[in-house]
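Structure first, commentary second.
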4 protein chains.
Amino acid sequence: MKSPRKTGILLLTCPDRKGLVAAVSDFVVRHGGNIVHADQHTDREARVFVQRVEFELDGLDLARDEIAPTFSPIAKQLGMDWRLRFSDEPRRVAILVSKLGHCLCDLISRWRMGELRAEIPLVISNHDEMRPVAEEVGIEFHHLPVDKTTRPEQERKILELLREAKIDLVVLARYMQILSNGMVDAYPDKIINIHHSFLPAFAGARPYHRAHDRGVKVIGATAHYVTAELDEGPIIEQDVVRVSHRNSVADMIRKGRDLEKTVLARAVALHLANRVVIYGHKTAVFD
Amino acid sequence: MKSPRKTGILLLTCPDRKGLVAAVSDFVVRHGGNIVHADQHTDREARVFVQRVEFELDGLDLARDEIAPTFSPIAKQLGMDWRLRFSDEPRRVAILVSKLGHCLCDLISRWRMGELRAEIPLVISNHDEMRPVAEEVGIEFHHLPVDKTTRPEQERKILELLREAKIDLVVLARYMQILSNGMVDAYPDKIINIHHSFLPAFAGARPYHRAHDRGVKVIGATAHYVTAELDEGPIIEQDVVRVSHRNSVADMIRKGRDLEKTVLARAVALHLANRVVIYGHKTAVFD
Amino acid sequence: MKSPRKTGILLLTCPDRKGLVAAVSDFVVRHGGNIVHADQHTDREARVFVQRVEFELDGLDLARDEIAPTFSPIAKQLGMDWRLRFSDEPRRVAILVSKLGHCLCDLISRWRMGELRAEIPLVISNHDEMRPVAEEVGIEFHHLPVDKTTRPEQERKILELLREAKIDLVVLARYMQILSNGMVDAYPDKIINIHHSFLPAFAGARPYHRAHDRGVKVIGATAHYVTAELDEGPIIEQDVVRVSHRNSVADMIRKGRDLEKTVLARAVALHLANRVVIYGHKTAVFD
Amino acid sequence: MKSPRKTGILLLTCPDRKGLVAAVSDFVVRHGGNIVHADQHTDREARVFVQRVEFELDGLDLARDEIAPTFSPIAKQLGMDWRLRFSDEPRRVAILVSKLGHCLCDLISRWRMGELRAEIPLVISNHDEMRPVAEEVGIEFHHLPVDKTTRPEQERKILELLREAKIDLVVLARYMQILSNGMVDAYPDKIINIHHSFLPAFAGARPYHRAHDRGVKVIGATAHYVTAELDEGPIIEQDVVRVSHRNSVADMIRKGRDLEKTVLARAVALHLANRVVIYGHKTAVFD
């Protein structure tokens, strides 16, 4: 496969008004760029405009570090909240996990097979079971057990490790500890969690047990950004699988594992490809 | 298509113990019957056994009205809660509807095309809009508007109509009124409702609006038996469809309509085919 | 529900080159218009650009009949194959059906419930069974039986009926006759067929029987534009449903009916909403 | 999780006749056994009966090695083709792979996480890329490159390796070589392949490219037993995922990878759990 062309990606949101679709494309075209994808969305109820524009850097009459300053006045005038990303930026991901390793294993497999455009320098766990899974492929593993008394101290250590490793994205791959607000604030819109239910159904603990009790015919999994409110952050991706009365809780857990892996991996890949824009407590996913 | 062979169907549930799978098949075989389907389920947590056995009446050495009395002692000994049905029993369905007619139209279309083995003698609505839809295919239509003061009186009339028409199954096809306990008690396990969300998510009013607010990536519909507790009855069938940030509430309502139609029709067909057994507040669906 | 704003819709395809995304939005903005949706796609292998732009007519400094002449020179310069549609144009649909009426019934139900923005003045069938379904809701029904000797004569009559009724779209709702090339040529990209398999699997006759023979675990339905080559036209929509060894051919036919209805209705609604662009022998569906 | 009770599993198929459902359950009950699952299917067109009965060994008045001889006369009388398996039998799986490692990685991850009840002593490949993936978790890896002249010699070596390692199941996890009939005959119903299309659509080479050319809206993957005829063996599992005009061939390959992994893993797990019965060129999957 030939290496993809290098691109810049503008992700932006602003109050809806006339002419927004043309504003960014004008900017790119005026500077000799070629737009390879342009996708936008207007939320009419919220009166919000959301856009993702990807353009080739090759042919642009601006150097990389000139793009943002040149675009800035346009964005300011239109009240835009925006980010500029580059397709070839290095991204560094840390994975937090507890005892259940299926999501961790899956993310590592994908990374090894070249499916995730990122480095994974760090795995942190409150248990020691997943150490060999990380270390045998050369990823640093830290065992930081948590109980009531050690929680603040351990979170401080986690933050230190994340900073030292220059982490851009934290993935909670079945990490069964609730993060403090301090930690969430340190990585705003940069922590992705997988919850093993179809939110908002069965938020909180033991969702498969509660799904089994309720006798539902479909179970699900939800990948979302972590915010201060538990299981209430912006949803990136969800999927479901049918179950029947024949399925025990153990069957649901087994079926759910495949969902969790796939849904989390999709969300992480979408985030790394700069395809997710958060507005309000929702996401626009430009896939 | 040749007419299907006439069958008897035993639906039963009892405490789990050894030998249950053999007990019913023994009974049928001993009387010269041929089992065409036998399906069972053991809920190990609840220690409950659930079974559906369908056997040809042709060749059986018992007349129809001898089957139940002959089986009764076996059932009693094993503590079974059981019903005997026949594949050719006439079934009479009443449909209750408010203003949104897509589920009503769909059920009537299916009935006309021969998909539902039942008669539909009666449509009742708290609005008058659906009158022509019912009457043009010869179904009796009753307009019983409901407000706070008339509710008890109107429910009394509904019950009277259902009794006069010898109704076996009441289908709430987007009937936007809450039934009183008296009505629910009069038709235990014989009222099927379609709720326009993936229960237990978004129980209650305006589920599509709330799904849109939450930013979910999948919406659903749930067909369930009606019990005294709103949206808490045993679930018969659920299904979902993907949505994205692009979908407005109106889009969700439109996409949801197709789900509601299909999920309700499947549940009604499963009930009419004697394929649903209720145990506890759950169902076993032998499809 | 408030009535939606009136819009113009440009559907276009042309060889890919720089600046295309900006060209149409420029045109609209320059004339004071507001783009409410803009969606485009570049097929890199085929080097083809496809776009759908929807803009409010209100506020535009061009009258309806001035838009096309004003846009024409831009389109010509860029080698565009394009169409201009209006959201409030009346559309007239004829439905052709044989004996199986589920798709016909479903389309009529949707039309009555206001889901299809079109008129249905005409149903034509090679059998007489569906006459009441059409006539009871006031749709003209023509019974034109077909055999080897009468085929050319009957097709001539069909074409006459379509022309007299000023039909814009012909829907083959399980019409089990193969159309002649003459008829296909008379309505290019304006005949939609539902095929009861997941094309290209099981093209041709008796797809459910062949799916059952092969032991597949999923069956499907495909809505496509009709071209001279049988079951080879551009696909608009497909969907599938799981089956198992338990499902007889009759079960597959029953399950398939729901698929066929939904897939055909979606394709018809997408076409009527001007959301489908054909390029090569494929479609871009801007939903 | 407590260790599951040890069970025996009878998998059988025979010509349909009266009394079959009762025959096996009688046998088990007569010997003091407890049936924990019993599932059967009658293919009315083929007049074939298929059954899976799982019973606890604990409490049975027969030793393990007495079960088969005691059941044999019953089976003979009814013309049964049958197998007896035990839930705790050790199973040995070899994986063959070429360059694309996602299925191999996924199977190994599942095996490490305890999802597959089997040992994986052997990975064989016609390339050397996957060596570290196997060896770092202690699985023997053999690189046996294949070209026209070496094929027979290499297949001979593969067969030798499989025999030495006492392999029960061969999994072709994207092994891009066609097996000779000799090899297929040596492992009848014991070789599972993943094909990256929704069979029978796009059998043979480059299915994603052909799916992209045809403009399908859904792509799929199929796990099947390998027989002498390419891509024609009994299908165990299939699944699909939606695609759109936006998806390039590379996108389809990426989306397909997740399907391939999941579909293959499900098929392998079903086979290892003794839940698949082959009859004719189809499977009954008792899940």
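By convention in this document, the chains of the structure tokens carry letters A, B, ... by their order, each chain's residues are numbered from 1, and ligands are numbered from 1 in the order they are shown.
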Problem set entry | 10 Å contact set for Ile9 in chain D, only C-alpha atoms, chain neighbours under 4 positions out, as number ranges by chain | D: 35, 37-38, 52-57, 83-87, 273-275
For this session: Please identify all polymer residues within 12 Å of Asp287 in chain A, counting only C-alpha atoms, omitting same-chain residues fewer than 5 positions from it, and present them as a PyMOL selection string.
Result: (chain A and resi 37-40+52+236-237+266-267+269-277) or (chain B and resi 244-246) or (chain D and resi 243-244+246-247+251+255)
Output N, CA and C atoms of each residue in that selection to a file, as a PDB file, in the first residue's frame.
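Listing of part-v2.pdb after writing:
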```pdb
ATOM      1  N   HIS A  37     -11.531  15.798   1.909  1.00  0.00           N
ATOM      2  CA  HIS A  37     -12.822  15.495   2.543  1.00  0.00           C
ATOM      3  C   HIS A  37     -13.336  16.769   3.192  1.00  0.00           C
ATOM      4  N   ALA A  38     -14.622  17.021   3.047  1.00  0.00           N
ATOM      5  CA  ALA A  38     -15.220  18.126   3.787  1.00  0.00           C
ATOM      6  C   ALA A  38     -16.579  17.642   4.232  1.00  0.00           C
ATOM      7  N   ASP A  39     -16.809  17.723   5.505  1.00  0.00           N
ATOM      8  CA  ASP A  39     -18.039  17.185   6.048  1.00  0.00           C
ATOM      9  C   ASP A  39     -18.515  18.168   7.102  1.00  0.00           C
ATOM     10  N   GLN A  40     -19.809  18.468   7.097  1.00  0.00           N
ATOM     11  CA  GLN A  40     -20.289  19.403   8.095  1.00  0.00           C
ATOM     12  C   GLN A  40     -21.671  18.984   8.558  1.00  0.00           C
ATOM     13  N   ARG A  52     -15.663  19.313   9.694  1.00  0.00           N
ATOM     14  CA  ARG A  52     -14.339  18.693   9.580  1.00  0.00           C
ATOM     15  C   ARG A  52     -13.879  18.844   8.141  1.00  0.00           C
ATOM     16  N   ILE A 236     -19.192   8.236  21.767  1.00  0.00           N
ATOM     17  CA  ILE A 236     -18.506   8.184  20.472  1.00  0.00           C
ATOM     18  C   ILE A 236     -19.076   7.064  19.610  1.00  0.00           C
ATOM     19  N   GLU A 237     -19.290   5.903  20.206  1.00  0.00           N
ATOM     20  CA  GLU A 237     -19.722   4.750  19.429  1.00  0.00           C
ATOM     21  C   GLU A 237     -20.473   3.779  20.328  1.00  0.00           C
ATOM     22  N   ARG A 266     -13.038   0.918  17.651  1.00  0.00           N
ATOM     23  CA  ARG A 266     -13.567   1.876  16.674  1.00  0.00           C
ATOM     24  C   ARG A 266     -13.467   3.300  17.203  1.00  0.00           C
ATOM     25  N   ALA A 267     -13.844   3.486  18.477  1.00  0.00           N
ATOM     26  CA  ALA A 267     -13.821   4.827  19.059  1.00  0.00           C
ATOM     27  C   ALA A 267     -12.398   5.370  19.114  1.00  0.00           C
ATOM     28  N   ALA A 269      -9.841   4.474  17.231  1.00  0.00           N
ATOM     29  CA  ALA A 269      -9.368   4.737  15.868  1.00  0.00           C
ATOM     30  C   ALA A 269      -9.985   6.029  15.321  1.00  0.00           C
ATOM     31  N   LEU A 270     -11.275   6.263  15.593  1.00  0.00           N
ATOM     32  CA  LEU A 270     -11.932   7.490  15.141  1.00  0.00           C
ATOM     33  C   LEU A 270     -11.288   8.721  15.783  1.00  0.00           C
ATOM     34  N   HIS A 271     -11.027   8.625  17.080  1.00  0.00           N
ATOM     35  CA  HIS A 271     -10.376   9.736  17.769  1.00  0.00           C
ATOM     36  C   HIS A 271      -8.997  10.005  17.175  1.00  0.00           C
ATOM     37  N   LEU A 272      -8.208   8.944  16.975  1.00  0.00           N
ATOM     38  CA  LEU A 272      -6.846   9.101  16.457  1.00  0.00           C
ATOM     39  C   LEU A 272      -6.843   9.617  15.021  1.00  0.00           C
ATOM     40  N   ALA A 273      -7.905   9.330  14.278  1.00  0.00           N
ATOM     41  CA  ALA A 273      -8.004   9.822  12.903  1.00  0.00           C
ATOM     42  C   ALA A 273      -8.609  11.229  12.862  1.00  0.00           C
ATOM     43  N   ASN A 274      -8.771  11.838  14.016  1.00  0.00           N
ATOM     44  CA  ASN A 274      -9.316  13.202  14.103  1.00  0.00           C
ATOM     45  C   ASN A 274     -10.683  13.301  13.440  1.00  0.00           C
ATOM     46  N   ARG A 275     -11.531  12.330  13.734  1.00  0.00           N
ATOM     47  CA  ARG A 275     -12.850  12.292  13.121  1.00  0.00           C
ATOM     48  C   ARG A 275     -13.980  12.601  14.109  1.00  0.00           C
ATOM     49  N   VAL A 276     -13.636  12.919  15.341  1.00  0.00           N
ATOM     50  CA  VAL A 276     -14.655  13.168  16.362  1.00  0.00           C
ATOM     51  C   VAL A 276     -14.605  14.623  16.792  1.00  0.00           C
ATOM     52  N   VAL A 277     -15.736  15.303  16.757  1.00  0.00           N
ATOM     53  CA  VAL A 277     -15.831  16.659  17.297  1.00  0.00           C
ATOM     54  C   VAL A 277     -16.864  16.642  18.420  1.00  0.00           C
TER      55      VAL A 277
ATOM     56  N   SER B 244     -26.948   8.768  13.765  1.00  0.00           N
ATOM     57  CA  SER B 244     -25.715   9.541  13.898  1.00  0.00           C
ATOM     58  C   SER B 244     -26.074  10.959  14.295  1.00  0.00           C
ATOM     59  N   HIS B 245     -25.038  11.764  14.498  1.00  0.00           N
ATOM     60  CA  HIS B 245     -25.259  13.172  14.853  1.00  0.00           C
ATOM     61  C   HIS B 245     -26.092  13.875  13.788  1.00  0.00           C
ATOM     62  N   ARG B 246     -26.073  13.353  12.562  1.00  0.00           N
ATOM     63  CA  ARG B 246     -26.834  13.978  11.479  1.00  0.00           C
ATOM     64  C   ARG B 246     -28.341  13.869  11.673  1.00  0.00           C
TER      65      ARG B 246
ATOM     66  N   VAL D 243     -21.586  -0.810   4.415  1.00  0.00           N
ATOM     67  CA  VAL D 243     -20.616   0.098   3.820  1.00  0.00           C
ATOM     68  C   VAL D 243     -21.399   1.120   2.994  1.00  0.00           C
ATOM     69  N   SER D 244     -20.718   2.157   2.560  1.00  0.00           N
ATOM     70  CA  SER D 244     -21.390   3.144   1.715  1.00  0.00           C
ATOM     71  C   SER D 244     -20.450   3.511   0.576  1.00  0.00           C
ATOM     72  N   ARG D 246     -18.846   5.986   0.326  1.00  0.00           N
ATOM     73  CA  ARG D 246     -17.668   6.647   0.883  1.00  0.00           C
ATOM     74  C   ARG D 246     -16.515   5.683   1.112  1.00  0.00           C
ATOM     75  N   ASN D 247     -16.821   4.411   1.260  1.00  0.00           N
ATOM     76  CA  ASN D 247     -15.790   3.447   1.633  1.00  0.00           C
ATOM     77  C   ASN D 247     -14.970   3.008   0.429  1.00  0.00           C
ATOM     78  N   ASP D 251     -10.924   0.898   2.996  1.00  0.00           N
ATOM     79  CA  ASP D 251     -11.888   0.967   4.100  1.00  0.00           C
ATOM     80  C   ASP D 251     -12.597  -0.372   4.273  1.00  0.00           C
ATOM     81  N   LYS D 255     -12.719  -2.528   7.579  1.00  0.00           N
ATOM     82  CA  LYS D 255     -13.968  -2.933   8.230  1.00  0.00           C
ATOM     83  C   LYS D 255     -14.108  -4.456   8.228  1.00  0.00           C
TER      84      LYS D 255
END
```
Closest atom pairs, residues of chain C within 12 Å of chain B, only C-alpha atoms, as a tab-separated table:
```
residue	atom	partner	partner_atom	distance
C:Met1	CA	B:Ala250	CA	9.2
C:Lys2	CA	B:Ala250	CA	11.3
C:Pro4	CA	B:Ala250	CA	11.3
C:Val36	CA	B:Arg246	CA	12.0
C:His37	CA	B:Arg246	CA	10.2
C:Asp39	CA	B:Arg246	CA	11.7
C:Lys99	CA	B:Met113	CA	10.2
C:Leu100	CA	B:Met113	CA	8.1
C:Gly101	CA	B:Met113	CA	6.8
C:His102	CA	B:Met113	CA	6.6
C:Cys103	CA	B:Ser109	CA	9.7
C:Leu104	CA	B:Ser109	CA	9.5
C:Cys105	CA	B:Ser109	CA	6.0
C:Asp106	CA	B:Asp106	CA	7.0
C:Leu107	CA	B:Asp106	CA	10.3
C:Ile108	CA	B:Cys105	CA	9.4
C:Ser109	CA	B:Cys105	CA	6.0
C:Arg110	CA	B:His102	CA	7.3
C:Trp111	CA	B:His102	CA	10.3
C:Arg112	CA	B:Cys105	CA	9.1
C:Met113	CA	B:His102	CA	6.6
C:Gly114	CA	B:His102	CA	9.8
C:Glu115	CA	B:Arg254	CA	8.0
C:Leu116	CA	B:Arg254	CA	11.0
C:Glu129	CA	B:Met113	CA	10.7
C:Met130	CA	B:Met113	CA	10.1
C:Pro132	CA	B:Val137	CA	9.5
C:Val133	CA	B:Val137	CA	9.2
C:Ala134	CA	B:Glu136	CA	11.6
C:Glu135	CA	B:Glu136	CA	10.6
C:Glu136	CA	B:Glu136	CA	6.8
C:Val137	CA	B:Glu136	CA	8.3
C:Gly138	CA	B:Glu136	CA	11.2
C:Asp239	CA	B:Val241	CA	11.7
C:Val241	CA	B:Asp239	CA	11.7
C:Val243	CA	B:Asp287	CA	11.0
C:Ser244	CA	B:Asp287	CA	10.7
C:Arg246	CA	B:Asp287	CA	8.9
C:Asn247	CA	B:Asp287	CA	9.4
C:Val249	CA	B:Met1	CA	11.5
C:Ala250	CA	B:Met1	CA	9.2
C:Asp251	CA	B:Asp287	CA	10.5
C:Ile253	CA	B:Glu115	CA	11.1
C:Arg254	CA	B:Glu115	CA	8.0
C:Lys255	CA	B:Arg266	CA	9.7
C:Arg257	CA	B:Glu115	CA	9.9
C:Asp258	CA	B:Thr262	CA	7.3
C:Leu259	CA	B:Thr262	CA	9.6
C:Lys261	CA	B:Asp258	CA	9.8
C:Thr262	CA	B:Asp258	CA	7.3
C:Val263	CA	B:Asp258	CA	10.5
C:Ala265	CA	B:Asp258	CA	9.8
C:Arg266	CA	B:Lys255	CA	9.7
C:Ala269	CA	B:Arg254	CA	11.2
C:Phe286	CA	B:Arg246	CA	11.2
C:Asp287	CA	B:Arg246	CA	8.9
```
Problem set entry | Shell around Val93 in chain A at 9 Å using only C-alpha atoms, local window under 3 positions removed, as a PyMOL selection string | chain A and resi 118-123+166-171
Export C-alpha atoms of the chosen residues as a PDB file, in the first residue's frame?
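Just written: part24.pdb:
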```pdb
ATOM      1  CA  ALA A 118      -0.232   5.750  17.408  1.00  0.00           C
ATOM      2  CA  GLU A 119       2.415   4.608  19.823  1.00  0.00           C
ATOM      3  CA  ILE A 120       1.483   2.764  22.995  1.00  0.00           C
ATOM      4  CA  PRO A 121       4.329   3.422  25.416  1.00  0.00           C
ATOM      5  CA  LEU A 122       2.445   2.717  28.653  1.00  0.00           C
ATOM      6  CA  VAL A 123       0.012   0.301  30.311  1.00  0.00           C
ATOM      7  CA  LYS A 166       3.826  12.636  26.927  1.00  0.00           C
ATOM      8  CA  ILE A 167       0.500  10.850  26.591  1.00  0.00           C
ATOM      9  CA  ASP A 168      -2.142  12.373  24.237  1.00  0.00           C
ATOM     10  CA  LEU A 169      -4.918   9.884  24.832  1.00  0.00           C
ATOM     11  CA  VAL A 170      -5.856   7.735  27.818  1.00  0.00           C
ATOM     12  CA  VAL A 171      -7.905   4.608  27.083  1.00  0.00           C
TER      13      VAL A 171
END
```
Exercise. Using the chain letters and numbers from this document, which residues of range 172-232 of chain A does DSSP assign to strand (DSSP E or B), as a PyMOL selection string?
Worked result: chain A and resi 172+191-195+218-225
For this session: Apply DSSP to the structure's backbone, then extract all residues of range 68-286 of chain A labelled alpha helix (DSSP H) and return them as number ranges by chain.
Result: A: 68-77, 102-112, 131-135, 151-164, 181-186, 207-214, 249-272
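Computed from the coordinates, the CA of Thr42 in chain C to CA of Asp16 in chain C distance equals 7.0 Å.
Picture a line from CA of Ser25 in chain B to CA of Phe71 in chain D; it runs 19.1 Å.
One finds CA of Leu172 in chain D at 24.9 Å from CA of Ile219 in chain C.
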Which residues are close to Gln238 in chain D, i.e. within 8 Å by only C-alpha atoms, leaving aside same-chain residues fewer than 4 positions away? Reply as a PDB file with N, CA and C atoms, in the first residue's frame.
```pdb
ATOM      1  N   VAL C 216     -26.991 -20.786   3.989  1.00  0.00           N
ATOM      2  CA  VAL C 216     -26.434 -19.508   4.463  1.00  0.00           C
ATOM      3  C   VAL C 216     -27.035 -19.154   5.824  1.00  0.00           C
ATOM      4  N   LYS C 217     -26.336 -18.301   6.564  1.00  0.00           N
ATOM      5  CA  LYS C 217     -26.756 -17.904   7.911  1.00  0.00           C
ATOM      6  C   LYS C 217     -27.341 -16.493   7.919  1.00  0.00           C
ATOM      7  N   VAL C 218     -27.368 -15.853   6.769  1.00  0.00           N
ATOM      8  CA  VAL C 218     -27.915 -14.506   6.636  1.00  0.00           C
ATOM      9  C   VAL C 218     -28.599 -14.436   5.276  1.00  0.00           C
TER      10      VAL C 218
ATOM     11  N   PHE D 198     -19.375 -12.480   1.911  1.00  0.00           N
ATOM     12  CA  PHE D 198     -20.654 -13.066   2.243  1.00  0.00           C
ATOM     13  C   PHE D 198     -20.948 -14.125   1.172  1.00  0.00           C
ATOM     14  N   GLY D 220     -19.468  -8.789   3.898  1.00  0.00           N
ATOM     15  CA  GLY D 220     -19.591  -9.844   4.893  1.00  0.00           C
ATOM     16  C   GLY D 220     -18.368 -10.722   4.988  1.00  0.00           C
ATOM     17  N   ALA D 221     -18.453 -11.674   5.904  1.00  0.00           N
ATOM     18  CA  ALA D 221     -17.418 -12.688   6.058  1.00  0.00           C
ATOM     19  C   ALA D 221     -18.105 -14.010   6.381  1.00  0.00           C
ATOM     20  N   THR D 222     -17.474 -15.098   5.983  1.00  0.00           N
ATOM     21  CA  THR D 222     -18.068 -16.429   6.110  1.00  0.00           C
ATOM     22  C   THR D 222     -17.042 -17.416   6.661  1.00  0.00           C
ATOM     23  N   ALA D 223     -17.384 -18.094   7.742  1.00  0.00           N
ATOM     24  CA  ALA D 223     -16.543 -19.193   8.232  1.00  0.00           C
ATOM     25  C   ALA D 223     -17.202 -20.502   7.816  1.00  0.00           C
ATOM     26  N   VAL D 263     -16.167 -13.484  13.114  1.00  0.00           N
ATOM     27  CA  VAL D 263     -16.868 -14.615  12.508  1.00  0.00           C
ATOM     28  C   VAL D 263     -16.034 -15.893  12.650  1.00  0.00           C
TER      29      VAL D 263
END
```
